[in-house]
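A.B. asks: Okay, so here is my_file_20.txt, and as you'll see once you scroll down, it has compact mmCIF, C-alpha atoms and all ligand atoms.
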```txt
# COMPACT_ATOMS: atom_id res chain seq x y z
CA MET A 1 108.64 99.97 60.62
CA LEU A 2 105.18 99.16 59.38
CA ASP A 3 104.61 96.63 62.12
CA VAL A 4 103.76 99.91 63.81
CA MET A 5 100.43 99.68 62.02
CA ASP A 6 99.27 96.15 62.87
CA ASN A 7 100.82 95.45 66.21
CA PRO A 8 98.23 94.06 68.67
CA THR A 9 99.38 96.41 71.43
CA HIS A 10 97.88 99.17 69.30
CA PHE A 11 94.49 98.27 70.51
CA ALA A 12 95.64 99.15 74.02
CA LEU A 13 97.21 102.37 72.77
CA SER A 14 94.03 103.39 70.95
CA ARG A 15 91.95 102.66 74.00
CA THR A 16 94.18 104.76 76.20
CA LEU A 17 94.18 107.60 73.73
CA LEU A 18 90.41 107.42 73.49
CA GLN A 19 90.11 107.61 77.29
CA GLU A 20 92.49 110.58 77.34
CA VAL A 21 90.46 112.33 74.65
CA ARG A 22 87.22 111.76 76.54
CA MET A 23 88.75 113.02 79.76
CA LEU A 24 90.07 116.19 78.13
CA ALA A 25 86.76 116.71 76.35
CA SER A 26 84.93 116.52 79.68
CA GLN A 27 87.34 119.07 81.11
CA PHE A 28 86.57 121.33 78.16
CA GLN A 29 82.85 120.93 78.78
CA GLN A 30 83.27 121.82 82.45
CA THR A 31 85.35 124.87 81.59
CA PHE A 32 83.40 126.24 78.66
CA GLY A 33 79.94 124.78 79.21
CA ARG A 34 79.71 123.14 75.81
CA VAL A 35 81.07 120.32 73.70
CA PRO A 36 84.26 121.21 71.78
CA SER A 37 83.88 121.34 67.97
CA PHE A 38 86.64 120.50 65.55
CA MET A 39 86.48 120.41 61.80
CA GLU A 40 88.26 117.69 59.88
CA VAL A 41 89.16 119.41 56.66
CA CYS A 42 89.92 116.31 54.64
CA GLY A 43 87.49 113.84 53.11
CA SER A 44 89.87 110.97 53.83
CA HIS A 45 89.70 111.90 57.52
CA THR A 46 85.90 111.97 57.37
CA MET A 47 85.91 108.43 56.02
CA ALA A 48 88.66 107.19 58.36
CA LEU A 49 86.99 108.71 61.46
CA ALA A 50 83.72 106.99 60.56
CA ARG A 51 85.32 103.67 59.56
CA THR A 52 87.46 103.36 62.69
CA GLY A 53 84.46 104.14 64.88
CA ILE A 54 86.19 107.20 66.40
CA LYS A 55 83.42 109.55 65.38
CA LYS A 56 80.80 107.39 67.09
CA ALA A 57 83.00 106.74 70.13
CA LEU A 58 83.32 110.50 70.65
CA GLU A 59 79.63 111.34 70.31
CA GLY A 60 78.66 113.55 73.21
CA TYR A 61 82.33 114.31 73.93
CA VAL A 62 83.71 115.96 70.81
CA ARG A 63 81.76 117.27 67.85
CA LEU A 64 83.65 116.37 64.68
CA ILE A 65 82.39 118.41 61.78
CA SER A 66 83.20 117.34 58.23
CA GLY A 67 84.66 120.13 56.19
CA PRO A 68 85.01 120.94 52.51
CA GLY A 69 87.67 118.33 51.82
CA CYS A 70 86.13 115.89 49.38
CA PRO A 71 87.25 117.09 45.95
CA VAL A 72 84.30 115.70 44.02
CA CYS A 73 81.80 117.01 46.57
CA VAL A 74 83.03 120.60 46.49
CA THR A 75 82.98 120.79 42.69
CA ASP A 76 79.99 122.86 41.61
CA GLN A 77 77.26 121.37 39.47
CA VAL A 78 78.02 123.41 36.32
CA THR A 79 81.57 122.04 36.30
CA ILE A 80 80.39 118.46 36.88
CA ASP A 81 77.89 118.86 34.02
CA ALA A 82 80.58 120.32 31.75
CA MET A 83 82.90 117.39 32.45
CA ILE A 84 80.19 114.86 31.73
CA SER A 85 79.19 116.61 28.49
CA LEU A 86 82.78 116.28 27.27
CA THR A 87 81.78 112.70 26.43
CA ASP A 88 79.47 114.06 23.70
CA GLY A 89 82.28 114.64 21.20
CA VAL A 90 83.51 112.01 18.74
CA ASP A 91 86.92 110.32 18.74
CA ARG A 92 87.44 111.03 22.40
CA ILE A 93 88.55 108.97 25.34
CA ILE A 94 87.64 110.48 28.69
CA CYS A 95 89.86 109.36 31.56
CA THR A 96 89.01 109.95 35.18
CA PHE A 97 89.61 108.92 38.77
CA GLY A 98 87.00 106.33 39.78
CA ASP A 99 85.21 108.69 42.15
CA MET A 100 83.74 110.70 39.29
CA MET A 101 82.01 107.84 37.47
CA ARG A 102 78.74 107.84 39.35
CA VAL A 103 78.59 111.48 40.39
CA PRO A 104 75.17 112.71 39.35
CA GLY A 105 75.24 115.31 36.63
CA SER A 106 72.06 117.23 35.90
CA TYR A 107 71.48 115.09 32.82
CA GLY A 108 73.30 111.81 33.44
CA THR A 109 76.56 110.41 34.78
CA LEU A 110 79.86 109.33 33.24
CA MET A 111 78.79 105.75 33.97
CA GLN A 112 75.65 106.22 31.90
CA ALA A 113 77.69 107.76 29.09
CA LYS A 114 79.92 104.69 29.18
CA THR A 115 76.91 102.36 29.10
CA GLU A 116 75.69 104.27 26.04
CA GLY A 117 78.93 103.39 24.28
CA LYS A 118 81.14 106.42 25.02
CA ASP A 119 84.75 105.66 25.77
CA VAL A 120 85.12 106.58 29.45
CA ARG A 121 87.95 104.96 31.39
CA VAL A 122 88.89 104.91 35.06
CA VAL A 123 92.63 105.25 35.56
CA TYR A 124 94.66 104.92 38.72
CA SER A 125 97.02 107.71 37.79
CA PRO A 126 96.79 110.60 35.28
CA VAL A 127 100.07 109.37 33.81
CA ASP A 128 98.13 106.28 32.67
CA ALA A 129 95.96 108.62 30.59
CA VAL A 130 99.08 109.90 28.82
CA ARG A 131 99.97 106.28 27.98
CA ILE A 132 96.48 105.72 26.57
CA ALA A 133 96.96 108.83 24.41
CA GLU A 134 100.18 107.31 23.05
CA GLN A 135 98.36 104.08 22.24
CA TYR A 136 95.52 105.84 20.43
CA PRO A 137 97.09 108.68 18.44
CA ASP A 138 93.88 109.20 16.40
CA GLN A 139 91.78 109.88 19.48
CA GLU A 140 91.76 112.85 21.82
CA VAL A 141 92.38 111.75 25.39
CA ILE A 142 91.02 114.08 28.07
CA PHE A 143 91.75 113.60 31.76
CA LEU A 144 89.32 115.10 34.28
CA GLY A 145 91.66 116.83 36.70
CA ILE A 146 89.86 117.09 40.02
CA GLY A 147 91.66 117.35 43.34
CA PHE A 148 93.38 119.35 46.05
CA GLU A 149 97.06 120.15 46.61
CA THR A 150 97.91 116.46 47.01
CA THR A 151 96.69 115.73 43.52
CA ILE A 152 97.74 118.90 41.67
CA PRO A 153 101.45 117.90 41.52
CA ILE A 154 100.38 114.53 40.15
CA LEU A 155 98.43 116.28 37.41
CA ALA A 156 101.60 118.28 36.72
CA ALA A 157 103.60 115.03 36.48
CA ALA A 158 101.24 113.83 33.74
CA VAL A 159 101.58 117.09 31.79
CA LYS A 160 105.34 116.87 32.17
CA GLU A 161 105.29 113.38 30.71
CA ALA A 162 103.03 114.45 27.81
CA GLU A 163 105.29 117.44 27.13
CA GLU A 164 108.49 115.39 27.17
CA LYS A 165 107.06 112.68 24.94
CA GLN A 166 105.32 115.25 22.73
CA VAL A 167 101.93 113.64 23.12
CA HIS A 168 99.70 116.14 21.34
CA ASN A 169 96.38 114.32 21.76
CA PHE A 170 96.44 114.50 25.57
CA SER A 171 94.77 117.29 27.51
CA MET A 172 93.24 117.92 30.91
CA TRP A 173 90.03 119.61 32.04
CA MET A 174 91.13 121.11 35.33
CA SER A 175 88.92 121.77 38.30
CA THR A 176 91.27 121.82 41.25
CA LYS A 177 90.78 123.36 44.64
CA LEU A 178 93.11 124.79 47.30
CA VAL A 179 92.64 124.33 51.03
CA GLU A 180 93.90 127.69 52.27
CA PRO A 181 91.32 129.90 50.49
CA ILE A 182 88.37 127.75 51.56
CA LEU A 183 89.54 127.76 55.18
CA ARG A 184 89.84 131.53 55.05
CA GLN A 185 86.34 131.71 53.59
CA LEU A 186 84.89 129.50 56.34
CA LEU A 187 86.63 131.52 59.02
CA HIS A 188 85.44 134.73 57.44
CA ASP A 189 81.82 133.55 57.23
CA ARG A 190 81.90 132.04 60.73
CA GLU A 191 78.74 130.03 60.08
CA VAL A 192 79.85 127.25 62.44
CA LEU A 193 81.45 127.56 65.83
CA LEU A 194 84.87 125.95 65.72
CA ASP A 195 87.52 125.33 68.36
CA GLY A 196 90.15 124.05 65.96
CA PHE A 197 91.03 122.19 62.78
CA LEU A 198 92.20 118.64 62.19
CA LEU A 199 94.43 119.34 59.19
CA PRO A 200 94.89 116.95 56.28
CA GLY A 201 98.12 114.96 56.45
CA HIS A 202 98.45 114.49 52.74
CA VAL A 203 97.84 118.07 51.66
CA SER A 204 100.31 119.02 54.38
CA MET A 205 102.95 116.62 53.07
CA VAL A 206 102.92 118.68 49.86
CA MET A 207 102.43 122.15 51.35
CA GLY A 208 104.26 121.80 54.69
CA ARG A 209 103.27 122.79 58.23
CA LYS A 210 104.23 126.42 57.78
CA HIS A 211 101.65 126.82 55.03
CA PHE A 212 98.89 126.55 57.66
CA GLU A 213 100.37 128.92 60.19
CA PHE A 214 97.94 131.65 59.12
CA LEU A 215 95.22 129.79 61.04
CA ALA A 216 96.95 130.58 64.31
CA THR A 217 98.47 133.96 63.52
CA GLU A 218 95.56 135.53 61.64
CA TYR A 219 92.51 133.70 63.00
CA ASP A 220 93.60 132.57 66.46
CA MET A 221 92.67 128.97 65.61
CA PRO A 222 94.51 125.93 66.95
CA ALA A 223 95.17 123.30 64.31
CA VAL A 224 96.86 119.89 64.30
CA ILE A 225 98.15 118.02 61.26
CA SER A 226 97.11 114.39 61.45
CA GLY A 227 97.72 111.07 59.72
CA PHE A 228 94.97 108.63 58.88
CA GLU A 229 95.37 105.67 61.23
CA ALA A 230 93.17 105.47 64.32
CA LEU A 231 96.17 106.23 66.55
CA HIS A 232 97.16 109.25 64.48
CA MET A 233 93.69 110.73 64.57
CA LEU A 234 93.11 110.12 68.28
CA SER A 235 96.52 111.60 69.04
CA ALA A 236 95.78 114.68 66.94
CA ILE A 237 92.38 115.18 68.56
CA ARG A 238 94.04 114.87 71.96
CA HIS A 239 96.51 117.59 71.02
CA LEU A 240 93.69 119.77 69.68
CA LEU A 241 91.84 119.42 72.97
CA MET A 242 94.91 120.38 74.97
CA LEU A 243 95.39 123.47 72.79
CA ALA A 244 91.70 124.40 72.92
CA LEU A 245 91.66 124.03 76.72
CA LYS A 246 94.61 126.38 77.05
CA GLN A 247 93.17 128.64 74.33
CA HIS A 248 96.56 128.30 72.75
CA ALA A 249 96.47 128.93 68.99
CA ILE A 250 99.34 127.17 67.28
CA VAL A 251 99.63 124.88 64.27
CA LEU A 252 101.08 121.59 65.44
CA ASN A 253 102.54 118.88 63.25
CA ASP A 254 101.45 115.54 64.70
CA TYR A 255 102.42 113.61 61.55
CA LYS A 256 106.13 114.39 61.45
CA SER A 257 107.00 111.03 59.92
CA VAL A 258 105.47 112.26 56.67
CA VAL A 259 104.98 116.05 56.93
CA THR A 260 107.84 118.55 57.08
CA GLU A 261 107.93 122.29 57.78
CA GLN A 262 108.20 123.33 54.16
CA GLY A 263 106.46 120.41 52.47
CA ASN A 264 107.64 118.81 49.26
CA LYS A 265 109.66 121.39 47.32
CA GLN A 266 109.72 119.33 44.11
CA ALA A 267 105.97 118.83 44.13
CA LYS A 268 105.40 122.56 44.70
CA TYR A 269 107.87 123.42 41.97
CA TRP A 270 106.13 121.28 39.34
CA MET A 271 102.64 122.41 40.21
CA ASN A 272 103.71 126.03 39.92
CA HIS A 273 105.58 125.25 36.73
CA TYR A 274 102.50 124.29 34.70
CA PHE A 275 99.64 125.84 36.64
CA THR A 276 98.69 129.21 38.04
CA LEU A 277 96.07 130.42 40.51
CA CYS A 278 92.52 130.80 39.20
CA ASP A 279 89.06 131.54 40.54
CA GLU A 280 87.04 128.42 41.25
CA ALA A 281 83.33 127.81 41.90
CA TRP A 282 82.60 125.75 45.01
CA ARG A 283 79.38 123.85 45.52
CA GLY A 284 77.00 125.67 47.83
CA ILE A 285 79.50 128.49 48.36
CA GLY A 286 80.08 130.17 45.01
CA VAL A 287 83.18 131.51 43.30
CA ILE A 288 86.16 132.09 45.58
CA SER A 289 88.90 134.15 44.06
CA GLN A 290 92.25 132.42 43.50
CA SER A 291 91.01 129.23 45.11
CA GLY A 292 92.20 126.76 42.49
CA MET A 293 94.84 126.18 39.85
CA ASP A 294 94.57 125.93 36.08
CA PHE A 295 97.01 125.86 33.15
CA LYS A 296 99.34 128.77 32.53
CA LYS A 297 98.80 130.40 29.12
CA GLU A 298 101.93 128.86 27.65
CA TYR A 299 100.54 125.37 28.22
CA ASP A 300 97.23 125.96 26.42
CA GLN A 301 97.97 122.97 24.21
CA PHE A 302 97.27 120.71 27.20
CA ASN A 303 94.27 122.70 28.40
CA ALA A 304 91.08 120.88 27.41
CA LYS A 305 89.07 124.04 28.04
CA MET A 306 91.02 125.70 25.21
CA LYS A 307 90.76 122.71 22.87
CA PHE A 308 87.11 121.77 23.27
CA SER A 309 83.93 123.62 23.92
CA VAL A 310 81.03 122.08 25.75
CA SER A 311 77.45 123.20 25.97
CA THR A 312 75.88 123.07 29.38
CA ARG A 313 72.34 123.88 30.32
CA GLU A 314 71.06 125.36 33.54
CA PRO A 315 71.82 122.71 36.24
CA ARG A 316 68.78 120.82 37.41
CA ARG A 317 67.70 121.74 40.89
CA THR A 318 67.41 119.00 43.51
CA LYS A 319 66.78 119.01 47.24
CA CYS A 320 70.36 117.80 47.80
CA ARG A 321 72.01 119.68 50.68
CA CYS A 322 75.64 118.79 49.90
CA GLY A 323 76.41 122.52 49.85
CA GLU A 324 75.50 122.74 53.53
CA VAL A 325 77.14 119.41 54.37
CA ILE A 326 80.52 120.54 53.06
CA ARG A 327 80.30 123.81 54.99
CA GLY A 328 79.69 121.82 58.16
CA LEU A 329 76.25 123.39 58.66
CA ILE A 330 74.34 120.12 58.77
CA ASP A 331 75.12 116.46 59.34
CA PRO A 332 74.01 114.18 56.49
CA PRO A 333 70.99 112.70 58.32
CA GLN A 334 69.52 116.21 58.49
CA CYS A 335 69.03 116.05 54.74
CA ALA A 336 65.49 114.78 54.11
CA LEU A 337 66.72 112.59 51.25
CA PHE A 338 69.46 110.83 53.26
CA GLY A 339 69.03 107.06 53.25
CA LYS A 340 65.64 107.37 51.57
CA ALA A 341 65.73 108.82 48.06
CA CYS A 342 69.51 109.17 48.30
CA THR A 343 71.64 106.07 48.91
CA PRO A 344 75.04 104.96 47.57
CA LEU A 345 73.20 102.86 44.97
CA ASN A 346 71.03 105.76 43.93
CA PRO A 347 72.94 108.91 44.87
CA ILE A 348 71.33 112.30 44.43
CA GLY A 349 74.41 114.33 45.35
CA PRO A 350 78.19 113.85 45.10
CA CYS A 351 78.57 113.57 48.90
CA MET A 352 76.82 110.18 48.69
CA VAL A 353 79.03 108.90 45.87
CA SER A 354 82.58 109.78 46.62
CA SER A 355 84.72 107.50 48.73
CA GLU A 356 85.48 110.64 50.73
CA GLY A 357 81.97 112.06 50.90
CA SER A 358 80.37 112.76 54.28
CA CYS A 359 77.00 111.32 53.31
CA ALA A 360 78.63 108.11 52.07
CA ALA A 361 80.69 107.87 55.29
CA TYR A 362 77.58 108.35 57.40
CA TYR A 363 75.58 105.89 55.35
CA GLN A 364 78.20 103.16 55.56
CA TYR A 365 79.34 103.47 59.14
CA MET A 366 77.10 105.67 61.27
CA ARG A 367 73.53 105.02 60.25
CA GLU A 368 71.10 104.15 63.05
CA GLU A 369 69.52 100.87 62.00
CA MET G 1 91.29 109.80 46.05
CA CYS G 2 93.52 111.38 48.64
CA VAL G 3 94.53 108.38 50.70
CA GLY G 4 98.20 107.60 50.31
CA VAL G 5 99.49 104.11 50.92
CA PRO G 6 102.89 103.47 52.53
CA ALA G 7 105.03 101.41 50.19
CA LYS G 8 108.52 99.93 50.43
CA VAL G 9 110.95 100.81 47.65
CA LEU G 10 112.43 97.64 46.09
CA HIS G 11 114.15 98.91 42.99
CA ILE G 12 114.89 102.30 41.42
CA ASP G 13 115.09 102.94 37.70
CA GLY G 14 115.58 106.57 36.71
CA PHE G 15 112.38 108.48 37.46
CA SER G 16 110.39 105.48 38.59
CA ALA G 17 110.63 102.85 41.30
CA LEU G 18 109.25 99.39 41.95
CA VAL G 19 107.48 99.37 45.30
CA ASP G 20 105.76 96.81 47.48
CA VAL G 21 102.39 97.79 48.91
CA MET G 22 101.11 95.23 51.37
CA GLY G 23 102.40 92.33 49.27
CA SER G 24 101.63 93.59 45.78
CA GLN G 25 104.19 95.28 43.60
CA MET G 26 103.75 98.30 41.36
CA ASN G 27 105.71 101.01 39.61
CA VAL G 28 105.46 104.55 40.88
CA GLY G 29 106.93 107.85 39.78
CA ILE G 30 109.63 109.36 42.00
CA ILE G 31 110.13 112.83 40.52
CA PHE G 32 108.91 114.40 43.77
CA VAL G 33 111.28 112.37 45.96
CA PRO G 34 114.51 112.21 43.91
CA GLU G 35 116.57 111.45 47.05
CA VAL G 36 114.69 108.19 47.74
CA LYS G 37 116.75 105.03 48.43
CA ILE G 38 116.04 101.32 48.20
CA GLY G 39 114.47 100.15 51.46
CA ASP G 40 112.80 103.51 52.20
CA TYR G 41 109.08 103.68 52.83
CA VAL G 42 107.20 106.20 50.73
CA ILE G 43 103.65 107.54 50.73
CA VAL G 44 102.15 106.87 47.31
CA HIS G 45 99.28 108.85 45.88
CA ALA G 46 97.81 108.14 42.44
CA GLY G 47 100.98 106.57 41.08
CA GLN G 48 103.53 109.02 42.50
CA ALA G 49 105.65 108.76 45.63
CA MET G 50 104.91 111.99 47.50
CA SER G 51 106.93 111.71 50.70
CA ILE G 52 109.59 109.53 52.30
CA VAL G 53 108.44 108.23 55.67
CA ASP G 54 110.80 109.27 58.45
CA GLU G 55 111.05 106.15 60.61
CA GLN G 56 112.59 108.02 63.51
CA TYR G 57 109.51 110.24 63.85
CA ALA G 58 107.17 107.27 63.41
CA LYS G 59 108.90 105.57 66.34
CA GLU G 60 108.83 108.71 68.46
CA SER G 61 105.06 109.05 68.08
CA LEU G 62 104.64 105.46 69.15
CA GLU G 63 106.88 106.09 72.17
CA GLU G 64 104.79 109.14 73.13
CA TRP G 65 101.60 107.07 73.03
CA ARG G 66 103.18 104.18 74.94
CA LYS G 67 104.19 106.58 77.70
CA LEU G 68 100.56 107.59 78.04
CA VAL G 69 99.53 103.97 78.55
CA ASP G 70 102.25 103.51 81.15
CA ALA G 71 101.30 106.71 82.95
CA ARG G 72 97.69 105.57 83.16
CA ARG G 73 98.68 102.15 84.40
CA ASP G 74 100.91 103.61 87.11
CA GLY G 75 98.60 106.45 88.02
S1 LIG F 1 72.03 112.70 51.54
FE1 LIG F 1 72.19 112.78 49.31
S2 LIG F 1 70.84 114.44 48.72
FE2 LIG F 1 71.25 114.67 50.91
S3 LIG F 1 73.00 116.04 51.06
FE3 LIG F 1 73.81 113.97 51.02
S4 LIG F 1 74.23 113.55 48.87
FE4 LIG F 1 72.88 115.33 48.92
```
So that I can check it, write out the structure of this file as structure tokens.
Ligand code: SF4
C.D. replies:
Amino acid sequence: MLDVMDNPTHFALSRTLLQEVRMLASQFQQTFGRVPSFMEVCGSHTMALARTGIKKALEGYVRLISGPGCPVCVTDQVTIDAMISLTDGVDRIICTFGDMMRVPGSYGTLMQAKTEGKDVRVVYSPVDAVRIAEQYPDQEVIFLGIGFETTIPILAAAVKEAEEKQVHNFSMWMSTKLVEPILRQLLHDREVLLDGFLLPGHVSMVMGRKHFEFLATEYDMPAVISGFEALHMLSAIRHLLMLALKQHAIVLNDYKSVVTEQGNKQAKYWMNHYFTLCDEAWRGIGVISQSGMDFKKEYDQFNAKMKFSVSTREPRRTKCRCGEVIRGLIDPPQCALFGKACTPLNPIGPCMVSSEGSCAAYYQYMREE
Amino acid sequence: MCVGVPAKVLHIDGFSALVDVMGSQMNVGIIFVPEVKIGDYVIVHAGQAMSIVDEQYAKESLEEWRKLVDARRDG
């Protein structure tokens, strides 16, 4: 089945799809007198569109706007600072996904804390953090729980494991985000002109196609769920163009091999078992009500916010424009610091650090030499 | 952080499975896909299998794209 991915005829398929997309985009331009604009909601799409060269190949045909889909990038500075200052306590092991290590806090990074001798560990899965807690019963192990709907069930799986094994020295500092509320916010604010959404395949595999139907029924927005290979993305953009041309607002599943109508019932069950909706602060946007998930009261014993207090100062102000980047208001090169003061080696904002950040994607794959 | 990798299930042991991802093997949790069988492909994210890949649909997409190539060639 997976020869599907590396078959040489795929080059021909991609080329044909690209030609189709360009042709439809030109039709759109003739009909509406402007270039069609689609937002890719997911940070993995931002990276994949840049890496595969699709974004560049469509310049002048389709405007692809990066949305608020990189979990580290949308986390507000106060939360980032709080997570980093968790390293201040004694007898603690902080576990995190790798993306967080170099994210600039106002007063340092996790990487710097590690260099200074704090025990900060990158784990592949939050369940690994539970294992570390078992190995070091005299230490408190705290996992930094950042992510969207794809990751929230995985955080739940770790809590489930800790609960079953009665691991009392494991907890999580949650800062999770949900896609639906931020899309509603963007559509409410209408700061950017959009003709449709390229929806994230992996969030959709958890939540299901139906979850996104509100885009069509309430906001009249076409949307297409897409996978992450070049063929998937070109195919999804092609479908989006056909819908936009017909002004036909439906939510189409173009990743049926992985995404179902209802999503993954088990994953939804476990995330709702341990966590409940909470208000979350988004970088450059502010607090959006019920836009994230945090522990239910009865699981306080795993809630790091209940176990530990951190002191944070007023975040330091920088000229970083990540807030505007994640709302799709500017492209990274429009930030004066891009590629000059801010590079992947010396990032000023999270969008330049994360493997899903728009600034990092631009820097790696789309920079004019 | 969000990119899932398709992996082939080699062995199942209770709530976890041994999978092959592009030649390397690892253990992943399968609590979200309890119906998974040996030989299935799954999408793995951060140590958990999140979805079983439906090969029929994967083939259908490919067919749809191939038809486009043919249509262009003929047209
Ligand atoms: S280039 Fe750097 S400073 Fe500018 S918006 Fe991106 S991350 Fe922030």
A.B. asks: Report as a list of chain:residue names the set of chain G residues whose atoms approach chain A to within 6 Å, with distances computed over all atoms listed in the file.
C.D. replies: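 The answer, sorted by residue number, is G:Phe32, G:Ala46, G:Gly47, G:Val53, G:Asp54, G:Tyr57, G:Ala58, G:Val69.
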A.B. asks: What residues have any atom no more than 6 Å from ligand LIG 1 (chain F) when counting only C-alpha atoms and all ligand atoms, and can you list them as a ChimeraX atom specification?
C.D. replies: /A:320-322,332,335,337-338,342,347-352,359
A.B. asks: Can you tell me how far atom CA of Ile65 of chain A sits from atom CA of Val325 of chain A, in Å to one decimal?
C.D. replies: 9.1 Å
A.B. asks: Calculated over all atoms listed in the file, which of the candidates G:Ile38, G:Met26, G:Leu68, G:Val21 has the smallest distance to Val9 of chain G?
C.D. replies: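 Selected residue with least distance to Val9 of chain G: G:Ile38.
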A.B. asks: Do you have the atom CA of Phe11 of chain A-atom CA of Gln56 of chain G distance handy?
C.D. replies: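 Distance between the two atoms: 21.7 Å.
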A.B. asks: Which value, in Å to one decimal, gives the distance between atom CA of Ile237 of chain A and atom CA of Ala7 of chain G?
C.D. replies: 26.2 Å
A.B. asks: Pro104 of chain A: which residues within 9 Å, counting all atoms listed in the file, same-chain residues fewer than 2 positions away excluded, as a count of residues only?
C.D. replies: 16
A.B. asks: Just the residues within 10 Å of Lys37 of chain G, please, counting only C-alpha atoms, with nothing from its chain fewer than 4 positions along; format it as a list in words.
C.D. replies: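 Once the nearby chain positions are removed, what remains is Lys8, Val9, Leu10, His11, Ile12, Ala17, Val33, Tyr41, Val42 and Ile52 of chain G.
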A.B. asks: Could you check the closest approach to Tyr363 of chain A for each of A:Val21, A:Met293, A:Met111, A:Met47 and tell me which residue wins, using only C-alpha atoms?
C.D. replies: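 Distance minimum relative to Tyr363 of chain A lands on A:Met47.
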A.B. asks: Which one is closest to Asp40 of chain G: G:Arg66, G:Phe15, G:Asp20, G:Arg72? Count only C-alpha atoms.
C.D. replies: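 Under the stated criterion, the closest residue is G:Asp20.
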A.B. asks: Around segment 17-24 of chain G, with edges along x, y and z and 4 Å added on all six sides, what centre and edge lengths do you get, in Å to one decimal, as JSON?
C.D. replies:
```
{"center_x": 105.9, "center_y": 97.6, "center_z": 46.3, "size_x": 17.5, "size_y": 18.5, "size_z": 18.1}
```
A.B. asks: Select, from A:Val159, A:Thr87, A:Ser311, A:Ile326, the residue with the minimum atom-to-atom distance to Thr115 of chain A, counting all atoms listed in the file.
C.D. replies: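 That would be A:Thr87, the residue with the smallest distance to Thr115 of chain A.
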A.B. asks: Which one is closest to His273 of chain A: A:Leu245, A:Ala156, A:Arg51, A:Ser358? Count only C-alpha atoms.
C.D. replies: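 Distance minimum relative to His273 of chain A lands on A:Ala156.
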A.B. asks: Nearest residue to Val36 of chain G out of G:Ala49, G:Ser24, G:Ala71, G:Trp65, using all atoms listed in the file?
C.D. replies: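 Once distances to Val36 of chain G are computed over all atoms listed in the file, the minimum belongs to G:Ala49.
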